[in-house]
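Asks: Can you read through this structure? Questions will come right after.
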Amino acid sequence: MLFPFAWMIMMSLKTQVQNTAATPLWVFAPTFENYRNVIERNNFLQFTKNSLIVATAATGIGMVLGLPAAYAIARFKQRGLSLWILISRIIPYITFLLPLFLVFTKLKLIGSFTALIISHLIITLPLIIWITIAFFEDIPTDLEEAALVDGSSRAGAFVRIILPLVAPGVVTAGILAMIFSWNQFLFSLILGGPNTKTVPVAVFNFLSYGSQDYGAIAAAAVLITLPIILLSLTVQRYIVKGLTSGGVKG
Amino acid sequence: MSLVSLKDRRRQPGGLSSWLDRNIRWVFPLPAVAVLFALTILPLLFNLVLGTQDRSVSDALPSRFVGAGNYLQALNDPRFWNATKLMFQFTAIAVPLQMLLGLGLALLLNRKMKAQGIVRALVLLPMISTPVAVALIWALMMDPNLGVLNYFLETLGLSRSLWLADAQLVIPALALVDIWQWTPLVALILLAGLQTMPDEPFEAARIDGASSWQAFRYITWPMLQASLFAALTLRLIDALKTFDIIEVMTQGGPGSASETLNVYAYHTGFEFLRVGYTAALLTLLLVIVAVVAVSVNLLRRRV
């Protein structure tokens, strides 16, 4: 199961001659030439920055909108919002995207960060709500009732008492939202422009221009995957709960 | 300035704060509801309108109301039927296999073992990986000339394969990638189900001398139904909608041998810019996915 990862890393460390050998080489002297090529020649850092801007903004806005909503759903058993979560899971993204593309074209927003961030909210917002509901439901109501008796407002109790208690849930939701936004290909492909190209789109273009440079392709694949692997390994314990409670896919 | 209102104000200091306290159950969700409405429901309705129009992306060409015209055209379009057939073939290969393998993996992971944390972290890797990267690396592995998969086939004494370049084999090959990426999700959902099961029935069965197969068949399996259906529903929905892997690895080719409905809609919409027809294709896709999702849930109630 891990072989594709191992093979990807091996290819990224081989020269083009080694990669095109008739019999795969298992032992070789690694070179970082492919990484240097991808990073220097292909503006990789710029695309990484674009991806980070979009993922961070879409996750941040998703948190501000989603956390109060998830709290209200968990506390007052409002199931109305889960309808949207269902809709956003069943409907192919391209169905939302075609109308959004027309609207953004009219507003001259195609190629802007605004368009990308707004579209990525379709991924991050339902995800954040879904995952954090499970965590809010685990918090006993006594704690906030005590705060209310002491004269705190409900909103105050939410910010000062409840949010710190669901911090693991917030972190899980944030990381998964970042990952799925980072992985998202279609939205960025259609709504992005030359200045806002995200990493997956950049790598896809790089491939479709007829690149036969196997080592560079593998290095690019490693560079996209590495940050999210590191991120998820650090909070692995919570991620399992997050992924299985929402059962989501980008 | 009545006495009552003064008293009210003293009892509940801060007009805005107390108003918020009383209405928090709808004030808190309101922004999220508004945004999701604008981003999902409105585009969905707009898509239904677009489906009744003959319209291109460009404003230069006027749009025209054609009613059910786009839908009739789709039902007479061999490429639509081919795309629908391929979508179901892909799903029919990928989903049963990942359910089976996912169940096996979950039972394996449920045993007490050393380094459990590391094993589970490794299981996570395929499904959090960027689909474009997954597609690229599998495309390199499936390269007919230099791909490592053909090397393995030869080592096993089998003949080389064209993989993605073979019109007969391209759908199974893409399904293989989907199986690799999403079997872990099935496993994690089933594992979560396994771990909430009580110990008592298993102990009772052991005392009664039941074999481990009997324990699985008569205790684990019935109790796992809810998780199995949850995983099945999710995977069916997502497999039918698969886009990234197919578009990056084959662009629907060779010819249209791997052009599933999602990919076909993408090509008509964003390459040929036929907005109205694409919207109709998307509505049909949506209906198919919804029918499948609802049928699975009806089946679940029966079981």
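Chain labels A, B, ... are given in the sequence in which chains occur in the structure tokens; within each chain residues are numbered consecutively from 1, and ligands are likewise numbered from 1 in the order shown.
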So that I can see what lies close to stretch 108-117 of chain B, please list as a VMD selection string the residues with an atom at most 8 Å from it, counting only C-alpha atoms and leaving out residues fewer than 3 positions away in the same chain.
Replies: (chain A and resid 237) or (chain B and resid 104 to 105 120 to 121 191 194 to 195)
Asks: Keeping only all heavy atoms, write the selected residues to a file as a PDB file, in the first residue's frame.
Replies:
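again.pdb, freshly written:
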ATOM      1  N   ARG A 237      -4.052  11.448  15.679  1.00  0.00           N
ATOM      2  CA  ARG A 237      -5.036  10.903  16.620  1.00  0.00           C
ATOM      3  C   ARG A 237      -6.423  11.515  16.384  1.00  0.00           C
ATOM      4  O   ARG A 237      -7.430  10.819  16.348  1.00  0.00           O
ATOM      5  CB  ARG A 237      -4.549  11.286  18.014  1.00  0.00           C
ATOM      6  CG  ARG A 237      -5.109  10.556  19.149  1.00  0.00           C
ATOM      7  CD  ARG A 237      -4.081  10.573  20.285  1.00  0.00           C
ATOM      8  NE  ARG A 237      -3.678  11.932  20.668  1.00  0.00           N
ATOM      9  CZ  ARG A 237      -4.225  12.600  21.683  1.00  0.00           C
ATOM     10  NH1 ARG A 237      -5.204  12.064  22.361  1.00  0.00           N
ATOM     11  NH2 ARG A 237      -3.807  13.808  21.998  1.00  0.00           N
TER      12      ARG A 237
ATOM     13  N   GLY B 104     -11.481  -6.198   5.488  1.00  0.00           N
ATOM     14  CA  GLY B 104     -10.322  -6.978   5.891  1.00  0.00           C
ATOM     15  C   GLY B 104      -9.312  -6.142   6.665  1.00  0.00           C
ATOM     16  O   GLY B 104      -8.837  -6.532   7.736  1.00  0.00           O
ATOM     17  N   LEU B 105      -9.052  -4.956   6.152  1.00  0.00           N
ATOM     18  CA  LEU B 105      -8.084  -4.054   6.786  1.00  0.00           C
ATOM     19  C   LEU B 105      -8.570  -3.621   8.170  1.00  0.00           C
ATOM     20  O   LEU B 105      -7.794  -3.560   9.130  1.00  0.00           O
ATOM     21  CB  LEU B 105      -7.875  -2.840   5.878  1.00  0.00           C
ATOM     22  CG  LEU B 105      -6.740  -1.881   6.177  1.00  0.00           C
ATOM     23  CD1 LEU B 105      -5.411  -2.620   6.194  1.00  0.00           C
ATOM     24  CD2 LEU B 105      -6.696  -0.767   5.126  1.00  0.00           C
ATOM     25  N   ARG B 120      -1.851   3.195  11.886  1.00  0.00           N
ATOM     26  CA  ARG B 120      -3.037   3.964  11.489  1.00  0.00           C
ATOM     27  C   ARG B 120      -2.671   5.231  10.735  1.00  0.00           C
ATOM     28  O   ARG B 120      -3.365   5.633   9.801  1.00  0.00           O
ATOM     29  CB  ARG B 120      -3.862   4.323  12.709  1.00  0.00           C
ATOM     30  CG  ARG B 120      -4.911   3.276  12.893  1.00  0.00           C
ATOM     31  CD  ARG B 120      -5.841   3.655  13.976  1.00  0.00           C
ATOM     32  NE  ARG B 120      -6.087   2.447  14.739  1.00  0.00           N
ATOM     33  CZ  ARG B 120      -6.663   2.427  15.912  1.00  0.00           C
ATOM     34  NH1 ARG B 120      -7.020   3.548  16.486  1.00  0.00           N
ATOM     35  NH2 ARG B 120      -6.865   1.287  16.501  1.00  0.00           N
ATOM     36  N   ALA B 121      -1.574   5.863  11.130  1.00  0.00           N
ATOM     37  CA  ALA B 121      -1.136   7.070  10.425  1.00  0.00           C
ATOM     38  C   ALA B 121      -0.794   6.731   8.977  1.00  0.00           C
ATOM     39  O   ALA B 121      -1.116   7.473   8.057  1.00  0.00           O
ATOM     40  CB  ALA B 121       0.067   7.678  11.124  1.00  0.00           C
ATOM     41  N   LEU B 191     -13.611   0.432  11.215  1.00  0.00           N
ATOM     42  CA  LEU B 191     -12.842   0.306  12.460  1.00  0.00           C
ATOM     43  C   LEU B 191     -13.536   1.060  13.588  1.00  0.00           C
ATOM     44  O   LEU B 191     -13.640   0.560  14.714  1.00  0.00           O
ATOM     45  CB  LEU B 191     -11.427   0.842  12.238  1.00  0.00           C
ATOM     46  CG  LEU B 191     -10.465   0.733  13.417  1.00  0.00           C
ATOM     47  CD1 LEU B 191     -10.241  -0.713  13.791  1.00  0.00           C
ATOM     48  CD2 LEU B 191      -9.133   1.396  13.080  1.00  0.00           C
ATOM     49  N   LEU B 194     -16.291  -1.101  14.683  1.00  0.00           N
ATOM     50  CA  LEU B 194     -15.813  -2.260  15.449  1.00  0.00           C
ATOM     51  C   LEU B 194     -15.469  -1.875  16.884  1.00  0.00           C
ATOM     52  O   LEU B 194     -15.706  -2.632  17.823  1.00  0.00           O
ATOM     53  CB  LEU B 194     -14.566  -2.855  14.778  1.00  0.00           C
ATOM     54  CG  LEU B 194     -14.787  -3.649  13.489  1.00  0.00           C
ATOM     55  CD1 LEU B 194     -13.443  -4.018  12.863  1.00  0.00           C
ATOM     56  CD2 LEU B 194     -15.595  -4.907  13.776  1.00  0.00           C
ATOM     57  N   GLN B 195     -14.905  -0.675  17.042  1.00  0.00           N
ATOM     58  CA  GLN B 195     -14.408  -0.316  18.369  1.00  0.00           C
ATOM     59  C   GLN B 195     -15.495   0.130  19.330  1.00  0.00           C
ATOM     60  O   GLN B 195     -15.255   0.227  20.528  1.00  0.00           O
ATOM     61  CB  GLN B 195     -13.322   0.753  18.224  1.00  0.00           C
ATOM     62  CG  GLN B 195     -12.133   0.136  17.498  1.00  0.00           C
ATOM     63  CD  GLN B 195     -10.902   0.983  17.538  1.00  0.00           C
ATOM     64  OE1 GLN B 195     -10.988   2.207  17.593  1.00  0.00           O
ATOM     65  NE2 GLN B 195      -9.752   0.354  17.502  1.00  0.00           N
TER      66      GLN B 195
END
Asks: Residues of chain A within 6 Å of chain B, counting only C-alpha atoms - could you list those as a PyMOL selection string?
Replies: chain A and resi 65-66+68-69+72+92+95-96+99+154+183+200+221+225+244
Asks: What's around B:Val296 at 9 Å? Count only C-alpha atoms, leave out sequence neighbours fewer than 3 positions away in its own chain, and write the answer as a list in words.
Replies: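 Close residues of B:Val296: Phe229, Leu232, Thr233, Val291, Val292, Ala293, Leu299, Arg300 and Arg301 of chain B.
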Asks: Write the residues of the selection above to a file with N, CA, C and O atoms, as a PDB file, in the first residue's frame.
Replies:
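The file below, part.pdb, is the result:
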ATOM      1  N   PHE B 229     -23.145   0.381   5.770  1.00  0.00           N
ATOM      2  CA  PHE B 229     -23.986   1.171   4.879  1.00  0.00           C
ATOM      3  C   PHE B 229     -23.490   2.614   4.779  1.00  0.00           C
ATOM      4  O   PHE B 229     -23.567   3.218   3.708  1.00  0.00           O
ATOM      5  N   LEU B 232     -20.588   2.428   2.439  1.00  0.00           N
ATOM      6  CA  LEU B 232     -21.053   2.115   1.091  1.00  0.00           C
ATOM      7  C   LEU B 232     -21.684   3.341   0.426  1.00  0.00           C
ATOM      8  O   LEU B 232     -21.395   3.655  -0.728  1.00  0.00           O
ATOM      9  N   THR B 233     -22.535   4.054   1.181  1.00  0.00           N
ATOM     10  CA  THR B 233     -23.189   5.240   0.624  1.00  0.00           C
ATOM     11  C   THR B 233     -22.146   6.266   0.192  1.00  0.00           C
ATOM     12  O   THR B 233     -22.175   6.778  -0.928  1.00  0.00           O
ATOM     13  N   VAL B 291     -30.520   9.100  -6.907  1.00  0.00           N
ATOM     14  CA  VAL B 291     -31.285   7.843  -6.936  1.00  0.00           C
ATOM     15  C   VAL B 291     -30.468   6.726  -6.280  1.00  0.00           C
ATOM     16  O   VAL B 291     -30.988   5.955  -5.460  1.00  0.00           O
ATOM     17  N   VAL B 292     -29.175   6.662  -6.603  1.00  0.00           N
ATOM     18  CA  VAL B 292     -28.328   5.622  -6.013  1.00  0.00           C
ATOM     19  C   VAL B 292     -28.250   5.805  -4.494  1.00  0.00           C
ATOM     20  O   VAL B 292     -28.422   4.848  -3.734  1.00  0.00           O
ATOM     21  N   ALA B 293     -28.029   7.053  -4.046  1.00  0.00           N
ATOM     22  CA  ALA B 293     -27.906   7.311  -2.610  1.00  0.00           C
ATOM     23  C   ALA B 293     -29.193   6.937  -1.874  1.00  0.00           C
ATOM     24  O   ALA B 293     -29.151   6.298  -0.816  1.00  0.00           O
ATOM     25  N   LEU B 299     -32.563   0.310   1.011  1.00  0.00           N
ATOM     26  CA  LEU B 299     -32.062  -1.048   1.225  1.00  0.00           C
ATOM     27  C   LEU B 299     -31.660  -1.230   2.684  1.00  0.00           C
ATOM     28  O   LEU B 299     -31.941  -2.248   3.309  1.00  0.00           O
ATOM     29  N   ARG B 300     -31.017  -0.198   3.234  1.00  0.00           N
ATOM     30  CA  ARG B 300     -30.552  -0.257   4.605  1.00  0.00           C
ATOM     31  C   ARG B 300     -31.706  -0.470   5.570  1.00  0.00           C
ATOM     32  O   ARG B 300     -31.608  -1.233   6.524  1.00  0.00           O
ATOM     33  N   ARG B 301     -32.845   0.207   5.317  1.00  0.00           N
ATOM     34  CA  ARG B 301     -34.002   0.039   6.212  1.00  0.00           C
ATOM     35  C   ARG B 301     -34.548  -1.367   6.157  1.00  0.00           C
ATOM     36  O   ARG B 301     -35.030  -1.897   7.129  1.00  0.00           O
TER      37      ARG B 301
END
Asks: Please report, as a tab-separated table, each residue of stretch 37-81 of chain A lying at most 7 Å from stretch 160-182 of chain A, together with the nearest pair of atoms and the separation in Å rounded to one decimal; use only C-alpha atoms, and order rows by chain and ascending residue number.
Replies:
residue	atom	partner	partner_atom	distance
A:Ser51	CA	A:Trp182	CA	6.1
A:Ala55	CA	A:Met178	CA	5.2
A:Thr56	CA	A:Met178	CA	6.7
A:Thr59	CA	A:Ala177	CA	6.0
Asks: Would you put the residues from that selection into a file with all heavy atoms, as a PDB file, in the first residue's frame?
Replies:
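Done, and the output landed in part_1.pdb:
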ATOM      1  N   SER A  51      -1.475  28.685  -3.011  1.00  0.00           N
ATOM      2  CA  SER A  51      -2.259  27.628  -2.366  1.00  0.00           C
ATOM      3  C   SER A  51      -2.455  27.937  -0.890  1.00  0.00           C
ATOM      4  O   SER A  51      -3.543  27.736  -0.337  1.00  0.00           O
ATOM      5  CB  SER A  51      -1.552  26.277  -2.495  1.00  0.00           C
ATOM      6  OG  SER A  51      -1.803  25.720  -3.752  1.00  0.00           O
ATOM      7  N   ALA A  55      -6.013  28.411   0.931  1.00  0.00           N
ATOM      8  CA  ALA A  55      -6.398  27.442   1.963  1.00  0.00           C
ATOM      9  C   ALA A  55      -6.563  28.123   3.324  1.00  0.00           C
ATOM     10  O   ALA A  55      -7.510  27.835   4.064  1.00  0.00           O
ATOM     11  CB  ALA A  55      -5.355  26.326   2.051  1.00  0.00           C
ATOM     12  N   THR A  56      -5.651  29.047   3.653  1.00  0.00           N
ATOM     13  CA  THR A  56      -5.725  29.715   4.948  1.00  0.00           C
ATOM     14  C   THR A  56      -6.959  30.603   5.035  1.00  0.00           C
ATOM     15  O   THR A  56      -7.699  30.568   6.033  1.00  0.00           O
ATOM     16  CB  THR A  56      -4.466  30.581   5.189  1.00  0.00           C
ATOM     17  OG1 THR A  56      -3.317  29.815   4.857  1.00  0.00           O
ATOM     18  CG2 THR A  56      -4.390  31.033   6.624  1.00  0.00           C
ATOM     19  N   THR A  59     -10.165  28.513   5.124  1.00  0.00           N
ATOM     20  CA  THR A  59     -10.314  27.848   6.414  1.00  0.00           C
ATOM     21  C   THR A  59     -10.673  28.858   7.499  1.00  0.00           C
ATOM     22  O   THR A  59     -11.560  28.611   8.320  1.00  0.00           O
ATOM     23  CB  THR A  59      -9.012  27.103   6.783  1.00  0.00           C
ATOM     24  OG1 THR A  59      -8.707  26.192   5.744  1.00  0.00           O
ATOM     25  CG2 THR A  59      -9.165  26.352   8.089  1.00  0.00           C
TER      26      THR A  59
END
Asks: What is the distance, in Å and to one decimal place, between atom CA of A:Leu25 and atom CA of B:Leu176?
Replies: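 Result for atom CA of A:Leu25 versus atom CA of B:Leu176: 24.5 Å, one decimal.
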Asks: One decimal, in Å: what's the spacing between atom CA of B:Leu107 and atom CA of A:Leu2?
Replies: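 It comes out at 19.1 Å.
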Asks: Could you pull the residues within 8 Å of stretch 75-86 of chain B, counting only C-alpha atoms, minus those fewer than 2 positions along the same chain, as a PyMOL selection string?
Replies: chain B and resi 71-73+88-90+171+257-261+264+281
Asks: Hey, what's within 8 Å of A:Thr198 if we count only C-alpha atoms and toss same-chain stuff fewer than 3 positions away? As an NGL selection string, please?
Replies: :A and (47-48 or 50-51 or 188 or 192 or 201-202)
Asks: DSSP on the backbone: what in stretch 20-150 of chain A comes out alpha helix (DSSP H), as a PyMOL selection string?
Replies: chain A and resi 33-41+44-76+80-90+93-106+113-137+142-149
Asks: Just to confirm, what's the straight-line distance from atom CA of B:Leu101 to atom CA of B:Leu228 in Å (one decimal)?
Replies: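 It comes out at 12.4 Å.
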Asks: Write down as a ChimeraX atom specification the residues belonging to stretch 47-148 of chain B that are assigned strand (DSSP E) by DSSP computed on the backbone.
Replies: /B:53-54,64-65
Asks: Near A:Thr15, counting only C-alpha atoms, which residues have an atom at most 10 Å away, once you skip same-chain residues fewer than 2 positions from it, shown as a CSV table (one decimal) with N, CA and C atoms, in the first residue's frame?
Replies:
chain,number,residue,atom,x,y,z
A,11,MET,N,11.8,7.8,-7.6
A,11,MET,CA,11.9,8.4,-8.9
A,11,MET,C,12.4,9.9,-8.8
A,12,SER,N,11.9,10.6,-7.7
A,12,SER,CA,12.3,12.0,-7.6
A,12,SER,C,13.8,12.2,-7.3
A,13,LEU,N,14.4,11.1,-6.9
A,13,LEU,CA,15.8,11.2,-6.5
A,13,LEU,C,16.8,10.6,-7.6
A,17,VAL,N,18.2,9.5,-16.9
A,17,VAL,CA,18.7,8.3,-17.5
A,17,VAL,C,18.4,7.1,-16.6
A,18,GLN,N,18.5,7.3,-15.3
A,18,GLN,CA,18.2,6.2,-14.3
A,18,GLN,C,16.7,5.9,-14.4
A,19,ASN,N,15.9,6.9,-14.5
A,19,ASN,CA,14.4,6.7,-14.5
A,19,ASN,C,13.9,6.0,-15.8
A,20,THR,N,14.7,6.1,-16.9
A,20,THR,CA,14.3,5.5,-18.1
A,20,THR,C,15.0,4.2,-18.4
A,28,PHE,N,20.8,3.3,-6.1
A,28,PHE,CA,21.4,4.4,-6.9
A,28,PHE,C,21.9,5.5,-6.0
A,29,ALA,N,22.7,6.4,-6.5
A,29,ALA,CA,23.1,7.5,-5.7
A,29,ALA,C,22.1,8.7,-5.9
A,30,PRO,N,21.4,9.1,-4.8
A,30,PRO,CA,20.3,10.0,-4.9
A,30,PRO,C,20.9,11.4,-5.3
A,31,THR,N,20.1,12.1,-6.1
A,31,THR,CA,20.4,13.5,-6.5
A,31,THR,C,19.2,14.4,-6.3
A,32,PHE,N,19.5,15.6,-5.9
A,32,PHE,CA,18.4,16.5,-5.6
A,32,PHE,C,18.1,17.5,-6.8
A,33,GLU,N,18.7,17.1,-7.9
A,33,GLU,CA,18.6,17.9,-9.1
A,33,GLU,C,17.1,18.2,-9.5
A,34,ASN,N,16.3,17.1,-9.4
A,34,ASN,CA,14.9,17.3,-9.8
A,34,ASN,C,14.2,18.3,-9.0
A,213,ASP,N,9.8,14.5,-18.3
A,213,ASP,CA,10.9,14.5,-17.3
A,213,ASP,C,10.3,13.8,-16.0
A,214,TYR,N,10.5,12.4,-16.0
A,214,TYR,CA,9.8,11.6,-14.9
A,214,TYR,C,10.3,12.1,-13.5
A,215,GLY,N,11.6,12.3,-13.4
A,215,GLY,CA,12.1,12.7,-12.1
A,215,GLY,C,11.4,14.0,-11.6
A,216,ALA,N,11.3,15.0,-12.5
A,216,ALA,CA,10.7,16.3,-12.1
A,216,ALA,C,9.2,16.1,-11.7
